[in-house]
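Notes follow once the structure below has been shown.
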Amino acid sequence: MKLVLLLTGKTDKPWIREGVAEYEKRISKYARFEIITLPDVRNPGNRNAERVIAKEAEKMLSVFKSDDLVVLLDEQGRGYTTVELASWLRAAMLLPKKRIVFVVGGPWGFDPSVRARADHIISLSKLTFSHQVVRLLFAEQIYRVLSVIAGDPYHHE
């Protein structure tokens, strides 16, 4: 099974890009992994947040395949410990799906059409993070979770 991290808009901070690239390299030792970055939706002054979210949704929905397990990263999702997330991912990887697509939305969140397509919603924290920082945090967590599944000593518990 392939793991996909779907991002909205480019990562504009070099330190975030470098960190994500480092974890992408580490993750590839455990699983097939791909990052897909959708182009930014331009938000000229005359577009409200709902229109931007709707445009982002069109792009996201075009990436999803019928046999994908779609997982949104959203503050309203279910919270996990790292070990719990490893257990969930281990079980999810046994499903008859070709890809697990983890989705980081834009700054205004997800359109209802994307929420309707989601199979699961995960919260990284009750704290609020920028959608840019979530990329790095989640890449690290995917690496940590995969190391737990593999029984490697990266995670100490």
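Starting from 1 in every chain, residues are counted up; chains themselves are A, B, ... following the order of the structure tokens, and ligands are numbered from 1 as listed.
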
Residues within 9 Å of stretch 148-151 of chain A, please, as an mmCIF file with N, CA, C and O atoms, in the first residue's frame. Count only C-alpha atoms; anything in the same chain fewer than 6 positions from it doesn't count.
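Written output follows (selection_26.cif):
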```cif
data_model
loop_
_atom_site.group_PDB
_atom_site.id
_atom_site.type_symbol
_atom_site.label_atom_id
_atom_site.label_comp_id
_atom_site.auth_asym_id
_atom_site.auth_seq_id
_atom_site.Cartn_x
_atom_site.Cartn_y
_atom_site.Cartn_z
ATOM 1 N N TYR A 30 10.469 2.545 4.967
ATOM 2 C CA TYR A 30 9.412 1.706 5.526
ATOM 3 C C TYR A 30 8.247 1.462 4.562
ATOM 4 O O TYR A 30 7.571 0.437 4.665
ATOM 5 N N THR A 82 0.828 8.304 19.688
ATOM 6 C CA THR A 82 1.614 7.742 18.586
ATOM 7 C C THR A 82 1.377 6.241 18.463
ATOM 8 O O THR A 82 1.204 5.719 17.364
ATOM 9 N N VAL A 83 1.346 5.540 19.584
ATOM 10 C CA VAL A 83 1.129 4.092 19.555
ATOM 11 C C VAL A 83 -0.275 3.768 19.039
ATOM 12 O O VAL A 83 -0.457 2.825 18.265
ATOM 13 N N ALA A 86 -0.243 4.247 15.345
ATOM 14 C CA ALA A 86 0.453 3.125 14.720
ATOM 15 C C ALA A 86 -0.490 1.929 14.599
ATOM 16 O O ALA A 86 -0.526 1.256 13.555
ATOM 17 N N SER A 87 -1.254 1.670 15.625
ATOM 18 C CA SER A 87 -2.210 0.561 15.595
ATOM 19 C C SER A 87 -3.270 0.801 14.523
ATOM 20 O O SER A 87 -3.624 -0.110 13.762
ATOM 21 N N LEU A 89 -2.976 2.716 11.827
ATOM 22 C CA LEU A 89 -2.358 2.638 10.502
ATOM 23 C C LEU A 89 -2.063 1.187 10.124
ATOM 24 O O LEU A 89 -2.275 0.784 8.978
ATOM 25 N N ARG A 90 -1.602 0.405 11.067
ATOM 26 C CA ARG A 90 -1.332 -1.016 10.796
ATOM 27 C C ARG A 90 -2.608 -1.685 10.287
ATOM 28 O O ARG A 90 -2.592 -2.409 9.292
#
```

Worksheet item: Near A:Gly9, within 6 Å and counting only C-alpha atoms, which residues show up once chain neighbours fewer than 5 positions away are dropped, as a ChimeraX atom specification?
Response: /A:38-40

Keeping only N, CA and C atoms, write those residues as an mmCIF file, in the first residue's frame.
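File produced: result.cif:
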```cif
data_model
loop_
_atom_site.group_PDB
_atom_site.id
_atom_site.type_symbol
_atom_site.label_atom_id
_atom_site.label_comp_id
_atom_site.auth_asym_id
_atom_site.auth_seq_id
_atom_site.Cartn_x
_atom_site.Cartn_y
_atom_site.Cartn_z
ATOM 1 N N LEU A 38 -0.802 20.403 -4.455
ATOM 2 C CA LEU A 38 -1.725 21.078 -5.363
ATOM 3 C C LEU A 38 -1.356 22.551 -5.443
ATOM 4 N N PRO A 39 -1.538 23.166 -6.608
ATOM 5 C CA PRO A 39 -1.230 24.599 -6.717
ATOM 6 C C PRO A 39 -2.122 25.431 -5.793
ATOM 7 N N ASP A 40 -1.552 26.533 -5.337
ATOM 8 C CA ASP A 40 -2.332 27.472 -4.522
ATOM 9 C C ASP A 40 -3.532 27.969 -5.308
#
```

Item to complete: Identify, with DSSP run on backbone atoms, the residues in stretch 64-120 of chain A assigned to helix (DSSP H, G or I), and express the list as a ChimeraX atom specification.
Response: /A:82-92,112-117

Could you produce a table of the residues of stretch 86-139 of chain A lying within 6 Å of stretch 56-80 of chain A, with the nearest pair of atoms per residue and their separation in Å rounded to one decimal, using only C-alpha atoms, ordered by chain and increasing residue number, as a Markdown table?
```
| residue | atom | partner | partner_atom | distance |
| --- | --- | --- | --- | --- |
| A:Lys97 | CA | A:Asp67 | CA | 5.3 |
| A:Arg99 | CA | A:Asp68 | CA | 5.0 |
| A:Ile100 | CA | A:Leu69 | CA | 4.7 |
| A:Val101 | CA | A:Val70 | CA | 4.9 |
| A:Phe102 | CA | A:Val71 | CA | 4.7 |
| A:Val103 | CA | A:Leu72 | CA | 4.8 |
| A:Val104 | CA | A:Leu73 | CA | 5.6 |
| A:Asp111 | CA | A:Ala57 | CA | 5.9 |
| A:Ala118 | CA | A:Val70 | CA | 4.9 |
| A:Asp119 | CA | A:Val70 | CA | 5.3 |
| A:His120 | CA | A:Val71 | CA | 4.8 |
| A:Ile121 | CA | A:Gly77 | CA | 4.5 |
| A:Ile122 | CA | A:Gly77 | CA | 4.3 |
| A:Ser123 | CA | A:Gly77 | CA | 4.5 |
```

Practice prompt. List the neighbours of A:Phe33 out to 6 Å using only C-alpha atoms; skip same-chain residues closer than 3 positions along the sequence, and give me the result as JSON, numbers by chain.
Written response: {"A": [2, 3, 4, 28]}

Keeping N, CA, C and O atoms, export the residues of the selection given above as a tab-separated table (two decimals), in the first residue's frame.
```
chain	number	residue	atom	x	y	z
A	2	LYS	N	0.43	2.24	-0.70
A	2	LYS	CA	1.18	3.49	-0.80
A	2	LYS	C	0.57	4.52	0.16
A	2	LYS	O	-0.65	4.61	0.28
A	3	LEU	N	1.43	5.28	0.80
A	3	LEU	CA	1.00	6.39	1.63
A	3	LEU	C	1.22	7.67	0.84
A	3	LEU	O	2.29	7.85	0.24
A	4	VAL	N	0.22	8.53	0.85
A	4	VAL	CA	0.29	9.79	0.11
A	4	VAL	C	-0.01	10.93	1.08
A	4	VAL	O	-0.94	10.84	1.88
A	28	SER	N	10.55	6.55	3.32
A	28	SER	CA	10.69	5.66	2.16
A	28	SER	C	11.41	4.36	2.51
A	28	SER	O	11.33	3.39	1.75
```

Please report, as a compact mmCIF listing (two decimals) with all heavy atoms, in the first residue's frame, each residue of stretch 24-129 of chain A to which DSSP assigns strand (DSSP E or B) when run on this structure's backbone.
```txt
# COMPACT_ATOMS: atom_id res chain seq x y z
N ARG A 32 6.10 2.80 0.63
CA ARG A 32 6.05 3.65 -0.55
C ARG A 32 5.33 4.93 -0.13
O ARG A 32 4.27 4.88 0.49
CB ARG A 32 5.29 2.94 -1.68
CG ARG A 32 6.06 1.74 -2.21
CD ARG A 32 5.41 1.07 -3.40
NE ARG A 32 4.01 0.78 -3.17
CZ ARG A 32 3.03 1.08 -4.03
NH1 ARG A 32 3.30 1.64 -5.18
NH2 ARG A 32 1.77 0.79 -3.75
N PHE A 33 5.94 6.05 -0.45
CA PHE A 33 5.43 7.33 0.05
C PHE A 33 5.56 8.38 -1.04
O PHE A 33 6.57 8.43 -1.74
CB PHE A 33 6.24 7.75 1.29
CG PHE A 33 5.78 9.04 1.93
CD1 PHE A 33 4.55 9.11 2.55
CD2 PHE A 33 6.58 10.16 1.92
CE1 PHE A 33 4.12 10.29 3.16
CE2 PHE A 33 6.19 11.33 2.52
CZ PHE A 33 4.95 11.40 3.14
N GLU A 34 4.53 9.19 -1.16
CA GLU A 34 4.52 10.25 -2.17
C GLU A 34 3.90 11.50 -1.57
O GLU A 34 2.92 11.41 -0.81
CB GLU A 34 3.70 9.79 -3.38
CG GLU A 34 3.53 10.83 -4.45
CD GLU A 34 2.64 10.38 -5.60
OE1 GLU A 34 1.93 9.36 -5.46
OE2 GLU A 34 2.63 11.07 -6.62
N ILE A 35 4.46 12.63 -1.93
CA ILE A 35 3.85 13.92 -1.56
C ILE A 35 3.32 14.54 -2.84
O ILE A 35 4.04 14.67 -3.83
CB ILE A 35 4.88 14.86 -0.89
CG1 ILE A 35 5.35 14.26 0.43
CG2 ILE A 35 4.26 16.24 -0.68
CD1 ILE A 35 6.43 15.07 1.14
N ILE A 36 2.04 14.89 -2.81
CA ILE A 36 1.40 15.58 -3.93
C ILE A 36 1.06 16.98 -3.45
O ILE A 36 0.39 17.14 -2.43
CB ILE A 36 0.12 14.86 -4.40
CG1 ILE A 36 0.45 13.45 -4.87
CG2 ILE A 36 -0.57 15.67 -5.49
CD1 ILE A 36 -0.78 12.60 -5.18
N THR A 37 1.54 17.98 -4.17
CA THR A 37 1.27 19.37 -3.81
C THR A 37 0.38 20.00 -4.87
O THR A 37 0.77 20.09 -6.04
CB THR A 37 2.58 20.17 -3.68
OG1 THR A 37 3.43 19.50 -2.73
CG2 THR A 37 2.31 21.59 -3.21
N LEU A 38 -0.80 20.40 -4.45
CA LEU A 38 -1.72 21.08 -5.36
C LEU A 38 -1.36 22.55 -5.44
O LEU A 38 -0.93 23.14 -4.44
CB LEU A 38 -3.16 20.93 -4.86
CG LEU A 38 -3.68 19.49 -4.74
CD1 LEU A 38 -5.05 19.49 -4.09
CD2 LEU A 38 -3.72 18.83 -6.10
N ASP A 68 -9.16 4.73 -2.77
CA ASP A 68 -8.31 5.40 -1.77
C ASP A 68 -9.00 5.40 -0.41
O ASP A 68 -10.23 5.51 -0.33
CB ASP A 68 -8.06 6.87 -2.15
CG ASP A 68 -7.05 7.05 -3.25
OD1 ASP A 68 -6.29 6.11 -3.55
OD2 ASP A 68 -7.02 8.16 -3.82
N LEU A 69 -8.20 5.32 0.63
CA LEU A 69 -8.66 5.60 1.98
C LEU A 69 -8.24 7.04 2.24
O LEU A 69 -7.04 7.35 2.29
CB LEU A 69 -7.99 4.65 2.99
CG LEU A 69 -8.39 4.83 4.45
CD1 LEU A 69 -9.84 4.38 4.65
CD2 LEU A 69 -7.46 4.05 5.36
N VAL A 70 -9.20 7.94 2.35
CA VAL A 70 -8.93 9.37 2.49
C VAL A 70 -9.02 9.76 3.96
O VAL A 70 -10.04 9.54 4.61
CB VAL A 70 -9.91 10.20 1.64
CG1 VAL A 70 -9.68 11.70 1.85
CG2 VAL A 70 -9.78 9.84 0.16
N VAL A 71 -7.92 10.35 4.45
CA VAL A 71 -7.81 10.74 5.85
C VAL A 71 -7.49 12.23 5.92
O VAL A 71 -6.43 12.67 5.45
CB VAL A 71 -6.71 9.93 6.57
CG1 VAL A 71 -6.64 10.32 8.04
CG2 VAL A 71 -6.94 8.43 6.40
N LEU A 72 -8.39 12.99 6.49
CA LEU A 72 -8.17 14.43 6.65
C LEU A 72 -7.42 14.69 7.95
O LEU A 72 -7.66 14.04 8.96
CB LEU A 72 -9.49 15.19 6.68
CG LEU A 72 -10.45 14.99 5.51
CD1 LEU A 72 -11.66 15.91 5.66
CD2 LEU A 72 -9.76 15.20 4.18
N LEU A 73 -6.53 15.67 7.91
CA LEU A 73 -5.87 16.15 9.13
C LEU A 73 -6.59 17.44 9.51
O LEU A 73 -6.49 18.45 8.80
CB LEU A 73 -4.39 16.39 8.87
CG LEU A 73 -3.61 15.18 8.37
CD1 LEU A 73 -2.15 15.54 8.13
CD2 LEU A 73 -3.72 14.02 9.34
N ASP A 74 -7.33 17.37 10.58
CA ASP A 74 -8.22 18.47 10.94
C ASP A 74 -8.37 18.53 12.46
O ASP A 74 -8.47 17.48 13.11
CB ASP A 74 -9.58 18.25 10.28
CG ASP A 74 -10.52 19.41 10.48
OD1 ASP A 74 -10.46 20.36 9.69
OD2 ASP A 74 -11.32 19.37 11.44
N GLU A 75 -8.41 19.72 12.98
CA GLU A 75 -8.50 19.89 14.43
C GLU A 75 -9.76 19.25 15.02
O GLU A 75 -9.82 18.95 16.21
CB GLU A 75 -8.44 21.37 14.80
CG GLU A 75 -9.57 22.19 14.21
CD GLU A 75 -9.35 23.68 14.32
OE1 GLU A 75 -8.23 24.11 14.61
OE2 GLU A 75 -10.32 24.42 14.09
N GLN A 76 -10.78 19.01 14.21
CA GLN A 76 -12.02 18.41 14.69
C GLN A 76 -12.00 16.88 14.64
O GLN A 76 -12.98 16.23 14.97
CB GLN A 76 -13.20 18.93 13.87
CG GLN A 76 -13.39 20.41 14.00
CD GLN A 76 -14.44 20.94 13.04
OE1 GLN A 76 -15.27 20.21 12.56
NE2 GLN A 76 -14.37 22.23 12.77
N GLY A 77 -10.87 16.31 14.24
CA GLY A 77 -10.77 14.87 14.11
C GLY A 77 -10.48 14.17 15.42
O GLY A 77 -10.43 14.78 16.49
N ARG A 78 -10.28 12.86 15.31
CA ARG A 78 -9.98 12.05 16.47
C ARG A 78 -8.50 12.19 16.84
O ARG A 78 -7.63 12.12 15.97
CB ARG A 78 -10.28 10.59 16.16
CG ARG A 78 -9.93 9.70 17.34
CD ARG A 78 -10.33 8.28 17.15
NE ARG A 78 -9.80 7.54 18.29
CZ ARG A 78 -9.57 6.27 18.29
NH1 ARG A 78 -9.83 5.56 17.23
NH2 ARG A 78 -9.08 5.68 19.36
N GLY A 79 -8.22 12.36 18.12
CA GLY A 79 -6.86 12.44 18.60
C GLY A 79 -6.32 11.05 18.93
O GLY A 79 -7.07 10.18 19.37
N ARG A 99 -4.17 3.06 -1.77
CA ARG A 99 -3.45 4.20 -1.18
C ARG A 99 -4.19 4.68 0.06
O ARG A 99 -5.41 4.62 0.12
CB ARG A 99 -3.38 5.38 -2.16
CG ARG A 99 -2.78 5.11 -3.47
CD ARG A 99 -2.58 6.36 -4.32
NE ARG A 99 -3.77 7.21 -4.43
CZ ARG A 99 -3.79 8.40 -5.03
NH1 ARG A 99 -2.67 8.88 -5.58
NH2 ARG A 99 -4.88 9.12 -5.10
N ILE A 100 -3.41 5.18 1.02
CA ILE A 100 -3.97 5.96 2.11
C ILE A 100 -3.53 7.38 1.82
O ILE A 100 -2.33 7.66 1.75
CB ILE A 100 -3.47 5.51 3.49
CG1 ILE A 100 -3.83 4.05 3.74
CG2 ILE A 100 -4.05 6.41 4.58
CD1 ILE A 100 -3.28 3.49 5.05
N VAL A 101 -4.49 8.27 1.62
CA VAL A 101 -4.19 9.65 1.27
C VAL A 101 -4.49 10.53 2.48
O VAL A 101 -5.65 10.70 2.87
CB VAL A 101 -5.02 10.11 0.05
CG1 VAL A 101 -4.67 11.55 -0.32
CG2 VAL A 101 -4.80 9.18 -1.14
N PHE A 102 -3.43 11.06 3.09
CA PHE A 102 -3.55 11.99 4.20
C PHE A 102 -3.60 13.40 3.61
O PHE A 102 -2.73 13.76 2.82
CB PHE A 102 -2.35 11.86 5.14
CG PHE A 102 -2.26 10.52 5.81
CD1 PHE A 102 -1.41 9.54 5.31
CD2 PHE A 102 -3.02 10.23 6.93
CE1 PHE A 102 -1.31 8.30 5.91
CE2 PHE A 102 -2.93 8.99 7.54
CZ PHE A 102 -2.08 8.02 7.03
N VAL A 103 -4.58 14.18 4.01
CA VAL A 103 -4.82 15.47 3.37
C VAL A 103 -4.64 16.61 4.36
O VAL A 103 -5.29 16.65 5.41
CB VAL A 103 -6.25 15.55 2.77
CG1 VAL A 103 -6.43 16.83 1.97
CG2 VAL A 103 -6.55 14.32 1.92
N VAL A 104 -3.74 17.54 4.01
CA VAL A 104 -3.57 18.78 4.76
C VAL A 104 -4.26 19.86 3.93
O VAL A 104 -3.87 20.12 2.79
CB VAL A 104 -2.07 19.14 4.95
CG1 VAL A 104 -1.93 20.48 5.67
CG2 VAL A 104 -1.35 18.03 5.69
N GLY A 106 -5.96 23.80 3.22
CA GLY A 106 -5.46 25.17 3.24
C GLY A 106 -5.78 25.85 4.55
O GLY A 106 -6.34 25.24 5.47
N GLY A 109 -9.42 25.48 6.01
CA GLY A 109 -10.02 24.17 6.28
C GLY A 109 -10.57 23.50 5.04
O GLY A 109 -10.15 23.79 3.91
N HIS A 120 -11.84 9.01 7.25
CA HIS A 120 -11.41 9.18 8.63
C HIS A 120 -10.85 10.59 8.79
O HIS A 120 -10.34 11.18 7.82
CB HIS A 120 -10.32 8.15 8.96
CG HIS A 120 -10.04 7.98 10.41
ND1 HIS A 120 -11.00 7.63 11.34
CD2 HIS A 120 -8.88 8.12 11.11
CE1 HIS A 120 -10.45 7.55 12.53
NE2 HIS A 120 -9.17 7.84 12.43
N ILE A 121 -10.94 11.13 10.00
CA ILE A 121 -10.39 12.46 10.27
C ILE A 121 -9.54 12.35 11.54
O ILE A 121 -9.98 11.83 12.56
CB ILE A 121 -11.50 13.52 10.46
CG1 ILE A 121 -12.38 13.58 9.22
CG2 ILE A 121 -10.88 14.89 10.75
CD1 ILE A 121 -13.58 14.51 9.34
N ILE A 122 -8.30 12.83 11.42
CA ILE A 122 -7.34 12.77 12.51
C ILE A 122 -6.98 14.19 12.96
O ILE A 122 -6.75 15.06 12.13
CB ILE A 122 -6.05 12.05 12.05
CG1 ILE A 122 -6.34 10.58 11.78
CG2 ILE A 122 -4.94 12.20 13.09
CD1 ILE A 122 -5.15 9.84 11.19
N SER A 123 -6.93 14.37 14.27
CA SER A 123 -6.43 15.62 14.84
C SER A 123 -5.03 15.38 15.36
O SER A 123 -4.78 14.40 16.07
CB SER A 123 -7.33 16.07 15.99
OG SER A 123 -6.76 17.17 16.67
```

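The closest residue to A:Asp152, picked from A:Tyr23, A:Lys29, A:Arg135, A:Val114 and counting only C-alpha atoms, is A:Lys29.
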
Item to complete: Within 12 Å of A:Pro14, counting only C-alpha atoms, which residues show up once you throw out same-chain ones fewer than 4 positions away? Write them as a ChimeraX atom specification, please.
Response: /A:10,18-21,132-133,136
